[in-house]
file entry01.cif (mmCIF, C-alpha atoms)
data_protein
loop_
_atom_site.group_PDB
_atom_site.id
_atom_site.type_symbol
_atom_site.label_atom_id
_atom_site.label_comp_id
_atom_site.auth_asym_id
_atom_site.auth_seq_id
_atom_site.Cartn_x
_atom_site.Cartn_y
_atom_site.Cartn_z
ATOM 1 C CA MET D 274 58.080 -18.847 -21.518
ATOM 2 C CA LEU D 275 56.057 -16.506 -19.302
ATOM 3 C CA GLU D 276 57.710 -14.369 -16.707
ATOM 4 C CA VAL D 277 56.581 -14.872 -13.140
ATOM 5 C CA PHE D 278 55.759 -11.673 -11.306
ATOM 6 C CA PRO D 279 55.370 -11.435 -7.545
ATOM 7 C CA PRO D 280 51.790 -10.791 -6.426
ATOM 8 C CA ALA D 281 50.857 -7.142 -6.015
ATOM 9 C CA GLU D 282 50.704 -5.842 -2.471
ATOM 10 C CA GLU D 283 47.250 -5.387 -1.003
ATOM 11 C CA THR D 284 46.530 -1.679 -0.957
ATOM 12 C CA SER D 285 42.957 -1.561 0.278
ATOM 13 C CA VAL D 286 41.890 1.392 2.390
ATOM 14 C CA VAL D 287 38.870 1.431 4.690
ATOM 15 C CA SER D 288 37.226 4.790 5.260
ATOM 16 C CA TYR D 289 34.366 5.662 7.581
ATOM 17 C CA VAL D 290 31.826 8.389 6.924
ATOM 18 C CA ILE D 291 28.905 10.034 8.672
ATOM 19 C CA TYR D 292 26.543 11.568 6.158
ATOM 20 C CA GLU D 293 24.662 14.825 6.691
ATOM 21 C CA ASP D 294 21.388 12.933 7.186
ATOM 22 C CA GLY D 295 22.899 11.080 10.178
ATOM 23 C CA THR D 296 23.465 7.738 8.458
ATOM 24 C CA THR D 297 26.851 6.058 8.413
ATOM 25 C CA GLY D 298 28.964 4.315 5.841
ATOM 26 C CA ARG D 299 32.004 2.078 5.665
ATOM 27 C CA ILE D 300 33.816 2.292 2.346
ATOM 28 C CA GLU D 301 36.586 -0.077 1.298
ATOM 29 C CA VAL D 302 38.627 0.896 -1.728
ATOM 30 C CA THR D 303 41.039 -1.700 -3.074
ATOM 31 C CA ALA D 304 42.968 0.784 -5.196
ATOM 32 C CA GLY D 305 44.275 2.459 -2.068
ATOM 33 C CA ALA D 306 42.806 5.853 -2.873
ATOM 34 C CA VAL D 307 40.607 7.928 -0.602
ATOM 35 C CA PRO D 308 37.055 7.498 -1.881
ATOM 36 C CA GLU D 309 34.937 10.350 -3.180
ATOM 37 C CA LEU D 310 31.593 10.701 -1.460
ATOM 38 C CA THR D 311 28.505 10.618 -3.672
ATOM 39 C CA ARG D 312 26.499 12.678 -1.166
ATOM 40 C CA PRO D 313 27.421 15.213 1.533
ATOM 41 C CA GLY D 314 29.186 13.708 4.524
ATOM 42 C CA THR D 315 32.300 13.781 6.653
ATOM 43 C CA MET D 316 35.093 11.231 6.876
ATOM 44 C CA VAL D 317 35.622 10.167 10.492
ATOM 45 C CA THR D 318 37.838 7.820 12.475
ATOM 46 C CA LYS D 319 36.852 4.231 13.088
ATOM 47 C CA GLU D 320 36.157 5.037 16.741
ATOM 48 C CA VAL D 321 33.784 7.921 15.903
ATOM 49 C CA TYR D 322 32.066 5.698 13.316
ATOM 50 C CA GLN D 323 31.620 2.848 15.825
ATOM 51 C CA ALA D 324 30.197 5.238 18.440
ATOM 52 C CA LYS D 325 27.703 6.607 15.897
ATOM 53 C CA VAL D 326 26.675 3.088 14.814
ATOM 54 C CA ALA D 327 26.163 2.099 18.467
ATOM 55 C CA ALA D 328 23.996 5.195 19.026
ATOM 56 C CA LEU D 329 21.928 4.401 15.922
ATOM 57 C CA GLU D 330 21.462 0.783 17.054
ATOM 58 C CA GLU D 331 20.335 1.956 20.509
ATOM 59 C CA GLN D 332 17.902 4.411 18.920
ATOM 60 C CA ALA D 333 16.492 1.652 16.696
ATOM 61 C CA ALA D 334 16.102 -0.723 19.665
ATOM 62 C CA LYS D 335 14.150 1.946 21.574
ATOM 63 C CA ALA D 336 11.892 2.536 18.582
ATOM 64 C CA VAL D 337 11.199 -1.197 18.232
ATOM 65 C CA ALA D 338 10.431 -1.511 21.952
ATOM 66 C CA HIS D 339 7.999 1.413 21.705
ATOM 67 C CA LEU D 340 6.257 -0.136 18.682
ATOM 68 C CA GLU D 341 5.974 -3.512 20.417
ATOM 69 C CA ALA D 342 4.510 -1.911 23.553
ATOM 70 C CA SER D 343 2.015 0.062 21.462
ATOM 71 C CA GLU D 344 0.993 -3.074 19.591
ATOM 72 C CA GLN D 345 0.510 -5.020 22.824
ATOM 73 C CA THR D 346 -1.640 -2.197 24.246
ATOM 74 C CA ARG D 347 -3.771 -2.158 21.095
ATOM 75 C CA ALA D 348 -4.118 -5.955 21.110
ATOM 76 C CA ARG D 349 -5.212 -5.952 24.765
ATOM 77 C CA ALA D 350 -7.815 -3.255 24.094
ATOM 78 C CA ASP D 351 -9.152 -5.230 21.113
ATOM 79 C CA TYR D 352 -9.189 -8.440 23.167
ATOM 80 C CA THR D 353 -11.110 -6.745 25.976
ATOM 81 C CA ALA D 354 -13.648 -5.265 23.542
ATOM 82 C CA LEU D 355 -14.178 -8.631 21.845
ATOM 83 C CA THR D 356 -14.698 -10.450 25.136
ATOM 84 C CA LEU D 357 -17.173 -7.743 26.215
ATOM 85 C CA LEU D 358 -19.117 -8.538 23.051
ATOM 86 C CA GLY D 359 -19.384 -12.116 24.277
ATOM 87 C CA LEU D 360 -16.792 -13.820 22.077
ATOM 88 C CA ALA D 361 -15.011 -16.810 23.529
ATOM 89 C CA GLU D 362 -11.577 -16.070 24.965
ATOM 90 C CA ALA D 363 -9.759 -18.181 22.359
ATOM 91 C CA THR D 364 -11.578 -16.432 19.512
ATOM 92 C CA ALA D 365 -10.951 -12.989 21.014
ATOM 93 C CA ARG D 366 -7.237 -13.818 21.354
ATOM 94 C CA ARG D 367 -6.991 -15.056 17.786
ATOM 95 C CA LEU D 368 -8.798 -12.030 16.322
ATOM 96 C CA SER D 369 -6.964 -9.443 18.422
ATOM 97 C CA GLY D 370 -3.509 -11.010 18.454
ATOM 98 C CA TYR D 371 -3.390 -10.602 22.240
ATOM 99 C CA THR D 372 -1.004 -13.058 23.918
ATOM 100 C CA GLY D 373 -0.885 -11.685 27.454
ATOM 101 C CA PRO D 374 -2.538 -13.045 30.592
ATOM 102 C CA HIS D 375 -6.277 -13.516 30.829
ATOM 103 C CA VAL D 376 -8.125 -10.270 31.433
ATOM 104 C CA THR D 377 -11.462 -10.422 33.192
ATOM 105 C CA PRO D 378 -13.609 -7.856 31.413
ATOM 106 C CA PRO D 379 -15.697 -5.554 33.566
ATOM 107 C CA VAL D 380 -19.391 -6.286 33.780
ATOM 108 C CA VAL D 381 -21.260 -3.654 31.789
ATOM 109 C CA GLY D 382 -24.222 -2.007 33.474
ATOM 110 C CA GLN D 383 -23.263 -2.883 37.048
ATOM 111 C CA SER D 384 -21.459 -0.734 39.561
#
call {"tool": "encode", "arguments": {"input": "entry01.cif", "output": "structure tokens"}}
result
Amino acid sequence: MLEVFPPAEETSVVSYVIYEDGTTGRIEVTAGAVPELTRPGTMVTKEVYQAKVAALEEQAAKAVAHLEASEQTRARADYTALTLLGLAEATARRLSGYTGPHVTPPVVGQS
């Protein structure tokens, strides 16, 4: 007959790290040991880690907003140029990707 052993206690440890390149990491080790880092970094508290992650998310959101604004500016310029060439508004929108309000192009050659 087999002996019945009580289940082993859970000994997982969660560690937080900020690497030298500014990225973050969350490492969970089930053996209960402090993990060895495979690249240069510093172990930090959960609070410091969460603050760094929040800062990185804010930085990424700003970068995305900048890219979207740049893309919209480019699309509007393309749309305006296409309508100045005499393309129909729907065609100019489709080709340029512009989705903003209708822009009345200036009349070329008149002041």
call {"tool": "resolve_selection", "arguments": {"input": "entry01.cif", "expression": "the PyMOL selection byres ((chain D and resi 286-301) around 7)", "output": "list in words"}}
result
Thr284, Ser285, Val302, Thr303, Gly305, Ala306, Pro313, Gly314, Thr315, Met316, Val317, Thr318, Lys319 and Tyr322 of chain D
call {"tool": "residues_around", "arguments": {"input": "entry01.cif", "residues": "Gly373 (chain D)", "least_positions_apart": "2", "cutoff": "12 Å", "atoms": "all atoms listed in the file", "output": "list of chain:residue names"}}
result
D:Ala342, D:Glu344, D:Gln345, D:Thr346, D:Arg347, D:Ala348, D:Arg349, D:Ala350, D:Tyr352, D:Thr353, D:Glu362, D:Arg366, D:Arg367, D:Ser369, D:Gly370, D:Tyr371, D:His375, D:Val376
call {"tool": "write_last_selection", "arguments": {"input": "entry01.cif", "atoms": "C-alpha atoms", "output": "compact mmCIF listing (two decimals), keeping the file's coordinate frame"}}
result
# COMPACT_ATOMS: atom_id res chain seq x y z
CA ALA D 342 4.51 -1.91 23.55
CA GLU D 344 0.99 -3.07 19.59
CA GLN D 345 0.51 -5.02 22.82
CA THR D 346 -1.64 -2.20 24.25
CA ARG D 347 -3.77 -2.16 21.10
CA ALA D 348 -4.12 -5.96 21.11
CA ARG D 349 -5.21 -5.95 24.76
CA ALA D 350 -7.82 -3.26 24.09
CA TYR D 352 -9.19 -8.44 23.17
CA THR D 353 -11.11 -6.74 25.98
CA GLU D 362 -11.58 -16.07 24.96
CA ARG D 366 -7.24 -13.82 21.35
CA ARG D 367 -6.99 -15.06 17.79
CA SER D 369 -6.96 -9.44 18.42
CA GLY D 370 -3.51 -11.01 18.45
CA TYR D 371 -3.39 -10.60 22.24
CA HIS D 375 -6.28 -13.52 30.83
CA VAL D 376 -8.12 -10.27 31.43
call {"tool": "axis_aligned_box", "arguments": {"input": "entry01.cif", "around": "region 332-341 of chain D", "padding_each_side": "5 Å", "output": "JSON"}}
result
{"center_x": 11.9, "center_y": 0.4, "center_z": 19.3, "size_x": 21.9, "size_y": 17.9, "size_z": 15.3}
call {"tool": "atom_distance", "arguments": {"input": "entry01.cif", "atom1": "CA of Ala333 (chain D)", "atom2": "CA of Pro308 (chain D)"}}
result
28.3 Å
call {"tool": "atom_distance", "arguments": {"input": "entry01.cif", "atom1": "CA of Leu368 (chain D)", "atom2": "CA of Asp351 (chain D)"}}
result
8.3 Å
call {"tool": "atom_distance", "arguments": {"input": "entry01.cif", "atom1": "CA of Val307 (chain D)", "atom2": "CA of Gln323 (chain D)"}}
result
19.4 Å
call {"tool": "decode", "arguments": {"input": "entry01.cif", "residues": "region 311-329 of chain D", "atoms": "N, CA, C and O atoms", "output": "short mmCIF file (atom, residue, chain, number, x, y, z; two decimals), in the first residue's frame"}}
result
data_model
loop_
_atom_site.label_atom_id
_atom_site.label_comp_id
_atom_site.auth_asym_id
_atom_site.auth_seq_id
_atom_site.Cartn_x
_atom_site.Cartn_y
_atom_site.Cartn_z
N THR D 311 19.23 37.32 -16.08
CA THR D 311 20.01 36.93 -17.25
C THR D 311 20.63 38.13 -17.94
O THR D 311 21.43 37.96 -18.85
N ARG D 312 20.23 39.33 -17.54
CA ARG D 312 20.83 40.56 -18.06
C ARG D 312 20.86 41.58 -16.93
O ARG D 312 20.14 41.44 -15.94
N PRO D 313 21.67 42.63 -17.07
CA PRO D 313 21.83 43.59 -15.96
C PRO D 313 20.51 44.28 -15.59
O PRO D 313 19.77 44.73 -16.45
N GLY D 314 20.24 44.31 -14.31
CA GLY D 314 19.04 44.95 -13.80
C GLY D 314 19.08 45.01 -12.29
O GLY D 314 20.01 44.51 -11.66
N THR D 315 18.04 45.60 -11.72
CA THR D 315 17.96 45.77 -10.28
C THR D 315 16.62 45.26 -9.77
O THR D 315 15.57 45.59 -10.33
N MET D 316 16.65 44.45 -8.74
CA MET D 316 15.42 44.00 -8.09
C MET D 316 14.82 45.19 -7.34
O MET D 316 15.54 45.96 -6.69
N VAL D 317 13.50 45.36 -7.47
CA VAL D 317 12.81 46.48 -6.83
C VAL D 317 11.56 45.96 -6.13
O VAL D 317 11.14 44.83 -6.32
N THR D 318 10.95 46.84 -5.36
CA THR D 318 9.70 46.48 -4.68
C THR D 318 8.55 46.49 -5.68
O THR D 318 8.66 47.06 -6.78
N LYS D 319 7.46 45.90 -5.29
CA LYS D 319 6.28 45.86 -6.15
C LYS D 319 5.80 47.28 -6.46
O LYS D 319 5.39 47.58 -7.58
N GLU D 320 5.86 48.16 -5.48
CA GLU D 320 5.40 49.53 -5.67
C GLU D 320 6.26 50.29 -6.69
O GLU D 320 5.74 51.01 -7.55
N VAL D 321 7.58 50.12 -6.61
CA VAL D 321 8.49 50.77 -7.56
C VAL D 321 8.24 50.21 -8.95
O VAL D 321 8.19 50.95 -9.94
N TYR D 322 8.06 48.89 -9.04
CA TYR D 322 7.77 48.23 -10.31
C TYR D 322 6.48 48.77 -10.92
O TYR D 322 6.43 49.12 -12.10
N GLN D 323 5.42 48.86 -10.12
CA GLN D 323 4.13 49.35 -10.63
C GLN D 323 4.23 50.80 -11.09
O GLN D 323 3.62 51.18 -12.10
N ALA D 324 4.98 51.62 -10.38
CA ALA D 324 5.17 53.02 -10.79
C ALA D 324 5.91 53.09 -12.12
O ALA D 324 5.56 53.88 -13.00
N LYS D 325 6.93 52.25 -12.30
CA LYS D 325 7.68 52.23 -13.55
C LYS D 325 6.80 51.75 -14.70
O LYS D 325 6.83 52.32 -15.80
N VAL D 326 6.00 50.72 -14.48
CA VAL D 326 5.09 50.21 -15.51
C VAL D 326 4.09 51.30 -15.89
O VAL D 326 3.82 51.51 -17.08
N ALA D 327 3.55 52.01 -14.92
CA ALA D 327 2.60 53.09 -15.21
C ALA D 327 3.27 54.18 -16.04
O ALA D 327 2.68 54.70 -16.99
N ALA D 328 4.51 54.52 -15.72
CA ALA D 328 5.24 55.54 -16.49
C ALA D 328 5.49 55.07 -17.92
O ALA D 328 5.35 55.83 -18.87
N LEU D 329 5.83 53.79 -18.09
CA LEU D 329 6.05 53.25 -19.43
C LEU D 329 4.75 53.23 -20.23
O LEU D 329 4.76 53.53 -21.43
#
